[in-house]
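Below is upload39.pdb, which holds PDB, C-alpha atoms.
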ATOM      1  CA  MET A   1     -11.594  12.986  -0.136  1.00  0.00           C
ATOM      2  CA  ASP A   2     -11.429  10.293   2.557  1.00  0.00           C
ATOM      3  CA  ASP A   3     -10.027   7.835   0.028  1.00  0.00           C
ATOM      4  CA  LEU A   4      -7.438  10.343  -1.146  1.00  0.00           C
ATOM      5  CA  ARG A   5      -6.447  11.116   2.426  1.00  0.00           C
ATOM      6  CA  ALA A   6      -5.952   7.401   3.096  1.00  0.00           C
ATOM      7  CA  VAL A   7      -3.567   7.207   0.138  1.00  0.00           C
ATOM      8  CA  THR A   8      -1.706  10.368   1.126  1.00  0.00           C
ATOM      9  CA  ALA A   9      -1.495   9.255   4.761  1.00  0.00           C
ATOM     10  CA  TYR A  10       0.187   6.020   3.675  1.00  0.00           C
ATOM     11  CA  ASN A  11       2.663   7.825   1.429  1.00  0.00           C
ATOM     12  CA  LEU A  12       3.338  10.358   4.169  1.00  0.00           C
ATOM     13  CA  ALA A  13       4.010   7.682   6.798  1.00  0.00           C
ATOM     14  CA  CYS A  14       6.497   5.985   4.483  1.00  0.00           C
ATOM     15  CA  ALA A  15       8.260   9.211   3.548  1.00  0.00           C
ATOM     16  CA  LEU A  16       8.597  10.268   7.187  1.00  0.00           C
ATOM     17  CA  GLU A  17      10.377   6.978   7.841  1.00  0.00           C
ATOM     18  CA  VAL A  18      13.280   8.009   5.610  1.00  0.00           C
ATOM     19  CA  ILE A  19      13.275  11.823   5.352  1.00  0.00           C
ATOM     20  CA  ASP A  20      16.181  12.059   7.800  1.00  0.00           C
ATOM     21  CA  LEU A  21      18.379  10.333   5.210  1.00  0.00           C
ATOM     22  CA  PHE A  22      18.026  13.401   2.999  1.00  0.00           C
ATOM     23  CA  GLU A  23      18.018  16.064   5.708  1.00  0.00           C
ATOM     24  CA  SER A  24      21.170  14.730   7.363  1.00  0.00           C
ATOM     25  CA  LEU A  25      22.956  15.213   4.056  1.00  0.00           C
ATOM     26  CA  GLN A  26      21.241  18.429   2.936  1.00  0.00           C
ATOM     27  CA  PRO A  27      20.120  20.153   6.157  1.00  0.00           C
ATOM     28  CA  HIS A  28      19.437  23.486   4.459  1.00  0.00           C
ATOM     29  CA  ASP A  29      17.370  22.140   1.577  1.00  0.00           C
ATOM     30  CA  LEU A  30      13.759  22.395   2.728  1.00  0.00           C
ATOM     31  CA  ARG A  31      12.054  21.271  -0.464  1.00  0.00           C
ATOM     32  CA  PRO A  32      11.304  17.662   0.570  1.00  0.00           C
ATOM     33  CA  ARG A  33      10.171  18.786   4.034  1.00  0.00           C
ATOM     34  CA  GLU A  34       7.830  21.354   2.498  1.00  0.00           C
ATOM     35  CA  ALA A  35       6.272  18.593   0.404  1.00  0.00           C
ATOM     36  CA  LEU A  36       5.681  16.572   3.565  1.00  0.00           C
ATOM     37  CA  VAL A  37       4.103  19.574   5.288  1.00  0.00           C
ATOM     38  CA  ALA A  38       1.712  20.011   2.360  1.00  0.00           C
ATOM     39  CA  ALA A  39       0.819  16.323   2.514  1.00  0.00           C
ATOM     40  CA  GLN A  40       0.303  16.504   6.279  1.00  0.00           C
ATOM     41  CA  ASP A  41      -2.028  19.486   5.931  1.00  0.00           C
ATOM     42  CA  PHE A  42      -4.225  17.498   3.561  1.00  0.00           C
ATOM     43  CA  VAL A  43      -4.178  14.364   5.734  1.00  0.00           C
ATOM     44  CA  ASP A  44      -5.171  16.457   8.754  1.00  0.00           C
ATOM     45  CA  GLY A  45      -8.347  17.591   7.014  1.00  0.00           C
ATOM     46  CA  GLY A  46      -7.231  20.597   5.037  1.00  0.00           C
ATOM     47  CA  PRO A  47      -8.374  21.093   1.452  1.00  0.00           C
ATOM     48  CA  ARG A  48      -6.603  19.529  -1.487  1.00  0.00           C
ATOM     49  CA  SER A  49      -5.040  22.687  -2.774  1.00  0.00           C
ATOM     50  CA  ARG A  50      -2.366  24.067  -5.037  1.00  0.00           C
ATOM     51  CA  ALA A  51       0.123  23.499  -2.205  1.00  0.00           C
ATOM     52  CA  GLN A  52       0.240  19.723  -2.724  1.00  0.00           C
ATOM     53  CA  ARG A  53       0.658  20.136  -6.467  1.00  0.00           C
ATOM     54  CA  ILE A  54       3.442  22.731  -6.445  1.00  0.00           C
ATOM     55  CA  CYS A  55       5.483  21.219  -3.591  1.00  0.00           C
ATOM     56  CA  ALA A  56       5.993  17.851  -5.267  1.00  0.00           C
ATOM     57  CA  PRO A  57       8.197  18.880  -8.251  1.00  0.00           C
ATOM     58  CA  PRO A  58      10.761  20.811  -6.138  1.00  0.00           C
ATOM     59  CA  ALA A  59      11.168  17.777  -3.864  1.00  0.00           C
ATOM     60  CA  HIS A  60      11.732  15.613  -6.923  1.00  0.00           C
ATOM     61  CA  ARG A  61      14.293  18.081  -8.228  1.00  0.00           C
ATOM     62  CA  ALA A  62      16.047  17.970  -4.866  1.00  0.00           C
ATOM     63  CA  SER A  63      16.474  14.232  -5.324  1.00  0.00           C
ATOM     64  CA  LYS A  64      18.531  14.871  -8.466  1.00  0.00           C
ATOM     65  CA  GLU A  65      21.135  16.768  -6.452  1.00  0.00           C
ATOM     66  CA  VAL A  66      21.983  13.819  -4.188  1.00  0.00           C
ATOM     67  CA  THR A  67      22.455  10.095  -4.642  1.00  0.00           C
ATOM     68  CA  GLY A  68      21.581   6.836  -2.950  1.00  0.00           C
ATOM     69  CA  ALA A  69      19.263   6.742   0.036  1.00  0.00           C
ATOM     70  CA  ALA A  70      18.990  10.546   0.194  1.00  0.00           C
ATOM     71  CA  ALA A  71      17.732  10.692  -3.385  1.00  0.00           C
ATOM     72  CA  HIS A  72      15.157   7.979  -2.745  1.00  0.00           C
ATOM     73  CA  ALA A  73      13.982   9.775   0.406  1.00  0.00           C
ATOM     74  CA  ALA A  74      13.444  13.053  -1.456  1.00  0.00           C
ATOM     75  CA  MET A  75      11.484  11.231  -4.171  1.00  0.00           C
ATOM     76  CA  ALA A  76       9.279   9.631  -1.510  1.00  0.00           C
ATOM     77  CA  ALA A  77       8.592  13.067  -0.019  1.00  0.00           C
ATOM     78  CA  GLY A  78       7.587  14.525  -3.377  1.00  0.00           C
ATOM     79  CA  ASP A  79       5.352  11.545  -4.099  1.00  0.00           C
ATOM     80  CA  ALA A  80       3.638  11.931  -0.724  1.00  0.00           C
ATOM     81  CA  SER A  81       2.514  15.401  -1.728  1.00  0.00           C
ATOM     82  CA  ALA A  82       1.586  14.365  -5.273  1.00  0.00           C
ATOM     83  CA  SER A  83      -0.459  11.373  -4.078  1.00  0.00           C
ATOM     84  CA  ALA A  84      -3.290  13.738  -3.143  1.00  0.00           C
ATOM     85  CA  TYR A  85      -3.960  14.045  -6.886  1.00  0.00           C
ATOM     86  CA  LEU A  86      -4.673  10.369  -7.506  1.00  0.00           C
ATOM     87  CA  HIS A  87      -7.170  10.173 -10.390  1.00  0.00           C
ATOM     88  CA  PRO A  88     -10.240   7.907 -10.146  1.00  0.00           C
ATOM     89  CA  LEU A  89      -9.646   6.603 -13.688  1.00  0.00           C
ATOM     90  CA  ALA A  90      -9.157   2.810 -13.435  1.00  0.00           C
ATOM     91  CA  ASP A  91      -5.747   2.868 -15.075  1.00  0.00           C
ATOM     92  CA  ALA A  92      -2.738   0.824 -13.938  1.00  0.00           C
ATOM     93  CA  ALA A  93      -0.606   3.962 -14.285  1.00  0.00           C
ATOM     94  CA  GLN A  94      -2.529   5.485 -11.364  1.00  0.00           C
ATOM     95  CA  VAL A  95      -1.088   2.822  -9.062  1.00  0.00           C
ATOM     96  CA  GLY A  96       2.062   4.921  -9.159  1.00  0.00           C
ATOM     97  CA  HIS A  97       0.265   7.643  -7.208  1.00  0.00           C
ATOM     98  CA  ILE A  98      -0.458   5.060  -4.521  1.00  0.00           C
ATOM     99  CA  LEU A  99       2.729   2.995  -4.346  1.00  0.00           C
ATOM    100  CA  ARG A 100       5.613   4.823  -6.032  1.00  0.00           C
ATOM    101  CA  GLY A 101       6.478   6.795  -2.900  1.00  0.00           C
ATOM    102  CA  PRO A 102       6.447   3.696  -0.665  1.00  0.00           C
ATOM    103  CA  SER A 103       8.636   1.956  -3.265  1.00  0.00           C
ATOM    104  CA  PHE A 104      11.234   4.699  -2.951  1.00  0.00           C
ATOM    105  CA  CYS A 105      10.993   4.290   0.801  1.00  0.00           C
ATOM    106  CA  VAL A 106      11.961   0.623   0.404  1.00  0.00           C
ATOM    107  CA  LEU A 107      14.941   1.596  -1.748  1.00  0.00           C
ATOM    108  CA  ALA A 108      16.005   4.228   0.785  1.00  0.00           C
ATOM    109  CA  LEU A 109      15.862   1.770   3.678  1.00  0.00           C
ATOM    110  CA  GLU A 110      17.942  -0.831   1.884  1.00  0.00           C
ATOM    111  CA  SER A 111      20.550   1.685   0.706  1.00  0.00           C
ATOM    112  CA  ARG A 112      20.962   3.809   3.832  1.00  0.00           C
ATOM    113  CA  PRO A 113      24.594   4.091   4.905  1.00  0.00           C
ATOM    114  CA  VAL A 114      24.019   2.952   8.496  1.00  0.00           C
ATOM    115  CA  GLU A 115      22.322  -0.384   9.196  1.00  0.00           C
ATOM    116  CA  PRO A 116      20.797  -0.893   5.762  1.00  0.00           C
ATOM    117  CA  LEU A 117      17.877  -3.314   5.613  1.00  0.00           C
ATOM    118  CA  THR A 118      17.492  -6.262   3.311  1.00  0.00           C
ATOM    119  CA  ARG A 119      14.873  -5.865   0.579  1.00  0.00           C
ATOM    120  CA  ALA A 120      12.547  -8.228   2.453  1.00  0.00           C
ATOM    121  CA  ASP A 121      12.870  -6.330   5.742  1.00  0.00           C
ATOM    122  CA  ALA A 122      12.428  -2.964   4.036  1.00  0.00           C
ATOM    123  CA  VAL A 123       9.263  -4.208   2.334  1.00  0.00           C
ATOM    124  CA  THR A 124       7.955  -5.437   5.689  1.00  0.00           C
ATOM    125  CA  VAL A 125       8.448  -1.978   7.216  1.00  0.00           C
ATOM    126  CA  VAL A 126       6.520  -0.344   4.389  1.00  0.00           C
ATOM    127  CA  LEU A 127       3.707  -2.896   4.333  1.00  0.00           C
ATOM    128  CA  ALA A 128       3.191  -2.486   8.068  1.00  0.00           C
ATOM    129  CA  LYS A 129       2.192   1.133   7.500  1.00  0.00           C
ATOM    130  CA  ALA A 130      -0.677   0.225   5.157  1.00  0.00           C
ATOM    131  CA  THR A 131      -4.262   0.418   6.374  1.00  0.00           C
ATOM    132  CA  PRO A 132      -7.440  -1.377   5.267  1.00  0.00           C
ATOM    133  CA  ALA A 133      -8.638   1.937   3.811  1.00  0.00           C
ATOM    134  CA  LEU A 134      -5.516   2.132   1.657  1.00  0.00           C
ATOM    135  CA  VAL A 135      -6.048  -1.400   0.343  1.00  0.00           C
ATOM    136  CA  ASP A 136      -9.716  -0.644  -0.325  1.00  0.00           C
ATOM    137  CA  VAL A 137      -8.589   2.093  -2.715  1.00  0.00           C
ATOM    138  CA  LEU A 138      -5.786   0.074  -4.308  1.00  0.00           C
ATOM    139  CA  VAL A 139      -7.960  -2.890  -5.323  1.00  0.00           C
ATOM    140  CA  ARG A 140     -10.167  -0.614  -7.437  1.00  0.00           C
ATOM    141  CA  TYR A 141      -7.278  -0.183  -9.858  1.00  0.00           C
ATOM    142  CA  PRO A 142      -5.672  -2.675 -12.251  1.00  0.00           C
ATOM    143  CA  ARG A 143      -2.492  -4.298 -11.026  1.00  0.00           C
ATOM    144  CA  ALA A 144       0.867  -2.654 -11.544  1.00  0.00           C
ATOM    145  CA  ALA A 145       3.205  -4.351 -14.010  1.00  0.00           C
ATOM    146  CA  SER A 146       4.346  -7.754 -12.768  1.00  0.00           C
ATOM    147  CA  GLY A 147       7.914  -8.047 -11.530  1.00  0.00           C
ATOM    148  CA  ALA A 148       9.188  -9.798 -14.658  1.00  0.00           C
ATOM    149  CA  ARG A 149       7.371  -7.403 -16.998  1.00  0.00           C
ATOM    150  CA  ALA A 150       8.551  -4.410 -14.942  1.00  0.00           C
ATOM    151  CA  GLU A 151      12.168  -5.510 -15.334  1.00  0.00           C
ATOM    152  CA  LEU A 152      11.694  -5.728 -19.088  1.00  0.00           C
ATOM    153  CA  THR A 153       9.916  -2.397 -19.490  1.00  0.00           C
ATOM    154  CA  SER A 154      11.904  -0.240 -17.086  1.00  0.00           C
ATOM    155  CA  SER A 155      15.413  -0.092 -15.694  1.00  0.00           C
ATOM    156  CA  ARG A 156      14.172   1.833 -12.675  1.00  0.00           C
ATOM    157  CA  ALA A 157      14.428  -0.251  -9.514  1.00  0.00           C
ATOM    158  CA  HIS A 158      11.359   1.304  -7.939  1.00  0.00           C
ATOM    159  CA  THR A 159       9.151  -0.170 -10.684  1.00  0.00           C
ATOM    160  CA  VAL A 160       9.998  -3.719  -9.616  1.00  0.00           C
ATOM    161  CA  VAL A 161       9.524  -2.848  -5.942  1.00  0.00           C
ATOM    162  CA  MET A 162       6.171  -1.220  -6.677  1.00  0.00           C
ATOM    163  CA  SER A 163       4.960  -4.354  -8.438  1.00  0.00           C
ATOM    164  CA  HIS A 164       5.936  -6.440  -5.416  1.00  0.00           C
ATOM    165  CA  LEU A 165       4.197  -4.097  -2.977  1.00  0.00           C
ATOM    166  CA  ASP A 166       1.100  -4.112  -5.149  1.00  0.00           C
ATOM    167  CA  ASP A 167       1.013  -7.908  -5.124  1.00  0.00           C
ATOM    168  CA  GLN A 168       1.504  -8.174  -1.360  1.00  0.00           C
ATOM    169  CA  LEU A 169      -1.113  -5.563  -0.506  1.00  0.00           C
ATOM    170  CA  ARG A 170      -3.726  -7.216  -2.700  1.00  0.00           C
ATOM    171  CA  ARG A 171      -2.998 -10.610  -1.198  1.00  0.00           C
ATOM    172  CA  GLY A 172      -3.539  -9.296   2.344  1.00  0.00           C
ATOM    173  CA  GLY A 173      -0.981 -11.713   3.737  1.00  0.00           C
ATOM    174  CA  ARG A 174       0.427 -12.360   7.174  1.00  0.00           C
ATOM    175  CA  TRP A 175       1.750  -8.794   7.490  1.00  0.00           C
ATOM    176  CA  MET A 176      -1.836  -7.491   7.475  1.00  0.00           C
ATOM    177  CA  ARG A 177      -3.090  -9.974  10.063  1.00  0.00           C
ATOM    178  CA  THR A 178      -0.269  -9.101  12.461  1.00  0.00           C
ATOM    179  CA  SER A 179       0.404  -5.412  11.807  1.00  0.00           C
ATOM    180  CA  VAL A 180      -3.010  -3.843  11.289  1.00  0.00           C
ATOM    181  CA  GLU A 181      -5.610  -3.524  14.005  1.00  0.00           C
ATOM    182  CA  PRO A 182      -8.912  -5.205  13.104  1.00  0.00           C
ATOM    183  CA  ARG A 183     -11.822  -2.991  12.198  1.00  0.00           C
ATOM    184  CA  SER A 184     -15.516  -3.746  12.420  1.00  0.00           C
ATOM    185  CA  SER A 185     -16.992  -5.951   9.712  1.00  0.00           C
ATOM    186  CA  THR A 186     -20.018  -8.119   9.055  1.00  0.00           C
ATOM    187  CA  LEU A 187     -18.203 -11.034  10.643  1.00  0.00           C
ATOM    188  CA  ASN A 188     -17.142 -11.476  14.237  1.00  0.00           C
ATOM    189  CA  SER A 189     -13.439 -10.742  14.797  1.00  0.00           C
ATOM    190  CA  GLN A 190     -13.256 -13.575  17.349  1.00  0.00           C
ATOM    191  CA  PRO A 191     -14.270 -16.678  15.387  1.00  0.00           C
ATOM    192  CA  SER A 192     -14.722 -20.170  16.717  1.00  0.00           C
ATOM    193  CA  GLN A 193     -12.853 -23.131  15.278  1.00  0.00           C
ATOM    194  CA  ARG A 194     -14.099 -26.251  13.542  1.00  0.00           C
ATOM    195  CA  ASP A 195     -12.847 -29.661  14.600  1.00  0.00           C
ATOM    196  CA  ASP A 196     -10.381 -29.639  11.717  1.00  0.00           C
ATOM    197  CA  GLY A 197      -8.960 -26.274  12.792  1.00  0.00           C
ATOM    198  CA  ILE A 198     -10.502 -24.164  10.034  1.00  0.00           C
ATOM    199  CA  PRO A 199     -11.924 -20.802  11.233  1.00  0.00           C
ATOM    200  CA  VAL A 200     -15.653 -20.337  11.401  1.00  0.00           C
ATOM    201  CA  GLY A 201     -17.068 -16.850  10.855  1.00  0.00           C
ATOM    202  CA  VAL A 202     -20.063 -15.511  12.771  1.00  0.00           C
ATOM    203  CA  ARG A 203     -22.660 -13.180  11.276  1.00  0.00           C
ATOM    204  CA  ARG A 204     -24.134 -10.325  13.265  1.00  0.00           C
ATOM    205  CA  ASP A 205     -27.248 -12.422  13.917  1.00  0.00           C
ATOM    206  CA  GLY A 206     -25.099 -15.101  15.540  1.00  0.00           C
ATOM    207  CA  THR A 207     -25.315 -17.727  12.815  1.00  0.00           C
ATOM    208  CA  GLU A 208     -22.050 -19.420  11.893  1.00  0.00           C
ATOM    209  CA  ILE A 209     -20.404 -19.520   8.494  1.00  0.00           C
ATOM    210  CA  ALA A 210     -18.316 -22.667   8.151  1.00  0.00           C
ATOM    211  CA  ALA A 211     -15.518 -22.631   5.586  1.00  0.00           C
ATOM    212  CA  GLY A 212     -14.025 -25.479   3.648  1.00  0.00           C
ATOM    213  CA  ARG A 213     -10.263 -25.609   3.381  1.00  0.00           C
ATOM    214  CA  ARG A 214     -10.295 -24.016  -0.086  1.00  0.00           C
ATOM    215  CA  ASP A 215     -12.358 -21.123   1.236  1.00  0.00           C
ATOM    216  CA  ALA A 216     -10.464 -20.571   4.475  1.00  0.00           C
ATOM    217  CA  PRO A 217      -8.159 -17.806   3.100  1.00  0.00           C
ATOM    218  CA  VAL A 218     -11.171 -15.783   1.999  1.00  0.00           C
ATOM    219  CA  CYS A 219     -13.060 -16.229   5.265  1.00  0.00           C
ATOM    220  CA  ALA A 220     -10.001 -15.468   7.363  1.00  0.00           C
ATOM    221  CA  VAL A 221      -9.348 -12.131   5.658  1.00  0.00           C
ATOM    222  CA  VAL A 222     -12.990 -11.041   5.583  1.00  0.00           C
ATOM    223  CA  ARG A 223     -13.529 -12.154   9.164  1.00  0.00           C
ATOM    224  CA  ALA A 224     -10.678  -9.950  10.343  1.00  0.00           C
ATOM    225  CA  GLY A 225     -12.209  -6.952   8.589  1.00  0.00           C
ATOM    226  CA  ARG A 226      -9.253  -6.331   6.302  1.00  0.00           C
ATOM    227  CA  LEU A 227     -11.302  -5.931   3.139  1.00  0.00           C
ATOM    228  CA  SER A 228     -14.928  -5.978   2.207  1.00  0.00           C
ATOM    229  CA  ALA A 229     -16.305  -9.429   1.428  1.00  0.00           C
ATOM    230  CA  TRP A 230     -16.777  -8.673  -2.261  1.00  0.00           C
ATOM    231  CA  GLN A 231     -13.321  -7.181  -2.758  1.00  0.00           C
ATOM    232  CA  THR A 232     -11.677 -10.105  -0.980  1.00  0.00           C
ATOM    233  CA  LEU A 233     -13.613 -12.717  -2.945  1.00  0.00           C
ATOM    234  CA  ARG A 234     -12.864 -10.959  -6.227  1.00  0.00           C
ATOM    235  CA  THR A 235      -9.132 -10.892  -5.447  1.00  0.00           C
ATOM    236  CA  TYR A 236      -9.164 -14.525  -4.344  1.00  0.00           C
ATOM    237  CA  LEU A 237     -10.948 -15.667  -7.497  1.00  0.00           C
ATOM    238  CA  ASP A 238      -8.571 -13.704  -9.706  1.00  0.00           C
ATOM    239  CA  GLU A 239      -5.593 -15.446  -8.126  1.00  0.00           C
ATOM    240  CA  HIS A 240      -7.142 -18.927  -8.101  1.00  0.00           C
ATOM    241  CA  ARG A 241      -9.153 -18.757 -11.307  1.00  0.00           C
ATOM    242  CA  ARG A 242      -7.897 -22.061 -12.634  1.00  0.00           C
ATOM    243  CA  ASP A 243      -8.799 -23.924  -9.441  1.00  0.00           C
ATOM    244  CA  CYS A 244     -12.255 -22.443  -8.857  1.00  0.00           C
ATOM    245  CA  CYS A 245     -15.525 -23.911 -10.066  1.00  0.00           C
ATOM    246  CA  THR A 246     -17.713 -21.638 -12.173  1.00  0.00           C
ATOM    247  CA  ASP A 247     -20.552 -21.819  -9.673  1.00  0.00           C
ATOM    248  CA  ARG A 248     -18.342 -20.607  -6.839  1.00  0.00           C
TER     249      ARG A 248
END
What is this file in structure tokens?
Amino acid sequence: MDDLRAVTAYNLACALEVIDLFESLQPHDLRPREALVAAQDFVDGGPRSRAQRICAPPAHRASKEVTGAAAHAAMAAGDASASAYLHPLADAAQVGHILRGPSFCVLALESRPVEPLTRADAVTVVLAKATPALVDVLVRYPRAASGARAELTSSRAHTVVMSHLDDQLRRGGRWMRTSVEPRSSTLNSQPSQRDDGIPVGVRRDGTEIAAGRRDAPVCAVVRAGRLSAWQTLRTYLDEHRRDCCTDR
């Protein structure tokens, strides 16, 4: 339940960022807001109940009655409620329960009628709302379709955005180091520096862990407590498989 709440909390935070784009256009249509209330109840510790399941479809239907940013905002609201029903099956399709709502949030931000954001800025806003707990859940699932493959298999813009968000969250890039508060980990969050400027981690017993330049990205992310050591190393090896020695 804690994992599911982390996913729903992320979707909820993104949907709340853009819900006004729908409500300013359809002030008397409460369907998306009701979906957000159901999601909030679950995030606040309430049970995962029928409320989250039945509030999502009406919010999605509300999106069909508007266009542009308002439609994307209503979809994000429905997905926030539906995200509580993420399935533990390690299937790439389940990534949609984690990142489809945030993807619609990106589309809403870049298509809003007043001060629209660029795609890059909209993605930054959405990534900043992610938490280490959210990433911990995401990396248990296969990757979403790559951007190129997503464009070939779907004409829906959110599919391409979702692939990009998936990639950025798994990489744990600069956005995570600057936007997310560090949490406790097995390494000290205040590392020393080697003479060549590469961070040095510190175990709880005080012994140092020096990193070579090739290993610095792994040590930096683990040191800051963004992901568990194993999850970070697995992701790093997947992305640098051709460059890594078999004994590493």
Task: Closest of A:Arg119, A:Gln40, A:Ala56, A:Gln168 to His97 (chain A) - atom-to-atom distances counting only C-alpha atoms - done: A:Ala56
Residues matched by the PyMOL selection byres ((chain A and resi 112) around 9) as a compact mmCIF listing (two decimals) with C-alpha atoms, in the frame of the given file:
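Heads up, here's the output in out-v6.txt:
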# COMPACT_ATOMS: atom_id res chain seq x y z
CA VAL A 18 13.28 8.01 5.61
CA LEU A 21 18.38 10.33 5.21
CA GLY A 68 21.58 6.84 -2.95
CA ALA A 69 19.26 6.74 0.04
CA ALA A 70 18.99 10.55 0.19
CA LEU A 107 14.94 1.60 -1.75
CA ALA A 108 16.00 4.23 0.78
CA LEU A 109 15.86 1.77 3.68
CA GLU A 110 17.94 -0.83 1.88
CA SER A 111 20.55 1.68 0.71
CA PRO A 113 24.59 4.09 4.90
CA VAL A 114 24.02 2.95 8.50
CA GLU A 115 22.32 -0.38 9.20
CA PRO A 116 20.80 -0.89 5.76
CA LEU A 117 17.88 -3.31 5.61
TODO: Might you spell out which residues the PyMOL selection byres ((chain A and resi 76) around 6) would select in the displayed file, as a ChimeraX atom specification?
DONE: /A:15,73-75,77-79,101,104
Task: Explicit residue set for the PyMOL selection byres ((chain A and resi 164) around 10), as an MDAnalysis selection string - done: chainID A and resid 103 123 144:147 158:163 165:169
Open item on the list: With distances taken over all atoms listed in the file, which residue among A:Ala62, A:Ala39, A:Cys14, A:Ala9 lies nearest Val126 (chain A)?
Closed with: A:Cys14
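When CA of Asn11 (chain A) is paired with CA of Tyr85 (chain A), their separation reads 12.3 Å.
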TODO: Could you jot down the CA of Asp136 (chain A) to CA of Glu34 (chain A) separation for me, Å, one decimal place?
DONE: 28.3 Å
Open item on the list: Can you tell me which residues surround region 43-55 of chain A at a distance of at most 6 Å, considering all atoms listed in the file, apart from same-chain residues fewer than 5 positions away, and format the answer as an NGL selection string?
Closed with: :A and (5 or 9 or 35 or 38 or 81-82)
Please write out, as lines of an AutoDock Vina configuration file, where the centre of an axis-aligned box around all listed atoms of region 40-51 of chain A lies and how long its edges are, in Å to one decimal, after adding 4 Å on each side.
center_x = -4.0
center_y = 19.2
center_z = 1.9
size_x = 16.7
size_y = 17.7
size_z = 21.8
TODO: Rank nothing, just name the residue among A:Arg156, A:Arg143, A:Thr67, A:Thr131 nearest to Gln26 (chain A), using all atoms listed in the file.
DONE: A:Thr67
Open item on the list: Please report the interatomic distance between CA of Val106 (chain A) and CA of Leu127 (chain A) in Å with one decimal.
Closed with: 9.8 Å
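With all atoms listed in the file as the basis for measurement, A:Val7 is the residue among A:Val7, A:Val66, A:Leu36, A:Ile19 that approaches Gly96 (chain A) most closely.
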Task: Of the listed residues A:Ala90, A:Met1, A:Leu12, A:Leu30, that which approaches Lys129 (chain A) most closely, counting all atoms listed in the file - done: A:Leu12
TODO: Using only C-alpha atoms, find the one residue out of A:Leu16, A:Val125, A:Ala157, A:Val95 that sits nearest to Arg33 (chain A).
DONE: A:Leu16
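Protein and nucleic acid residues near (-6.1, -0.6, 2.9) are Asp3, Ala6, Val7, Tyr10, Lys129, Ala130, Thr131, Pro132, Ala133, Leu134, Val135, Asp136, Val137, Leu138, Val139, Leu169, Arg170, Gly172, Met176, Val180, Arg226 and Leu227 of chain A, the criterion being any atom at most 10 Å away using all atoms listed in the file.
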As a PDB file, keeping the file's coordinate frame, could you write out region 95-106 of chain A once it has been completed with N, CA, C and O atoms?
ATOM      1  N   VAL A  95      -1.650   3.525 -10.215  1.00  0.00           N
ATOM      2  CA  VAL A  95      -1.088   2.822  -9.062  1.00  0.00           C
ATOM      3  C   VAL A  95       0.199   3.507  -8.607  1.00  0.00           C
ATOM      4  O   VAL A  95       0.564   3.456  -7.434  1.00  0.00           O
ATOM      5  N   GLY A  96       0.862   4.186  -9.533  1.00  0.00           N
ATOM      6  CA  GLY A  96       2.062   4.921  -9.159  1.00  0.00           C
ATOM      7  C   GLY A  96       1.792   6.003  -8.133  1.00  0.00           C
ATOM      8  O   GLY A  96       2.630   6.284  -7.267  1.00  0.00           O
ATOM      9  N   HIS A  97       0.612   6.629  -8.195  1.00  0.00           N
ATOM     10  CA  HIS A  97       0.265   7.643  -7.208  1.00  0.00           C
ATOM     11  C   HIS A  97       0.066   7.022  -5.827  1.00  0.00           C
ATOM     12  O   HIS A  97       0.171   7.713  -4.807  1.00  0.00           O
ATOM     13  N   ILE A  98      -0.220   5.743  -5.793  1.00  0.00           N
ATOM     14  CA  ILE A  98      -0.458   5.060  -4.521  1.00  0.00           C
ATOM     15  C   ILE A  98       0.819   4.440  -3.965  1.00  0.00           C
ATOM     16  O   ILE A  98       1.096   4.536  -2.766  1.00  0.00           O
ATOM     17  N   LEU A  99       1.630   3.831  -4.831  1.00  0.00           N
ATOM     18  CA  LEU A  99       2.729   2.995  -4.346  1.00  0.00           C
ATOM     19  C   LEU A  99       4.129   3.417  -4.781  1.00  0.00           C
ATOM     20  O   LEU A  99       5.110   2.812  -4.348  1.00  0.00           O
ATOM     21  N   ARG A 100       4.254   4.444  -5.622  1.00  0.00           N
ATOM     22  CA  ARG A 100       5.613   4.823  -6.032  1.00  0.00           C
ATOM     23  C   ARG A 100       6.406   5.376  -4.854  1.00  0.00           C
ATOM     24  O   ARG A 100       7.572   5.007  -4.650  1.00  0.00           O
ATOM     25  N   GLY A 101       5.784   6.257  -4.065  1.00  0.00           N
ATOM     26  CA  GLY A 101       6.478   6.795  -2.900  1.00  0.00           C
ATOM     27  C   GLY A 101       6.921   5.717  -1.931  1.00  0.00           C
ATOM     28  O   GLY A 101       8.088   5.684  -1.512  1.00  0.00           O
ATOM     29  N   PRO A 102       6.036   4.801  -1.531  1.00  0.00           N
ATOM     30  CA  PRO A 102       6.447   3.696  -0.665  1.00  0.00           C
ATOM     31  C   PRO A 102       7.561   2.850  -1.286  1.00  0.00           C
ATOM     32  O   PRO A 102       8.413   2.320  -0.564  1.00  0.00           O
ATOM     33  N   SER A 103       7.568   2.716  -2.614  1.00  0.00           N
ATOM     34  CA  SER A 103       8.636   1.956  -3.265  1.00  0.00           C
ATOM     35  C   SER A 103       9.982   2.650  -3.080  1.00  0.00           C
ATOM     36  O   SER A 103      11.008   1.992  -2.835  1.00  0.00           O
ATOM     37  N   PHE A 104       9.990   3.964  -3.202  1.00  0.00           N
ATOM     38  CA  PHE A 104      11.234   4.699  -2.951  1.00  0.00           C
ATOM     39  C   PHE A 104      11.644   4.595  -1.486  1.00  0.00           C
ATOM     40  O   PHE A 104      12.839   4.600  -1.170  1.00  0.00           O
ATOM     41  N   CYS A 105      10.674   4.486  -0.612  1.00  0.00           N
ATOM     42  CA  CYS A 105      10.993   4.290   0.801  1.00  0.00           C
ATOM     43  C   CYS A 105      11.734   2.966   1.005  1.00  0.00           C
ATOM     44  O   CYS A 105      12.709   2.890   1.751  1.00  0.00           O
ATOM     45  N   VAL A 106      11.278   1.918   0.336  1.00  0.00           N
ATOM     46  CA  VAL A 106      11.961   0.623   0.404  1.00  0.00           C
ATOM     47  C   VAL A 106      13.403   0.752  -0.072  1.00  0.00           C
ATOM     48  O   VAL A 106      14.341   0.268   0.580  1.00  0.00           O
TER      49      VAL A 106
END
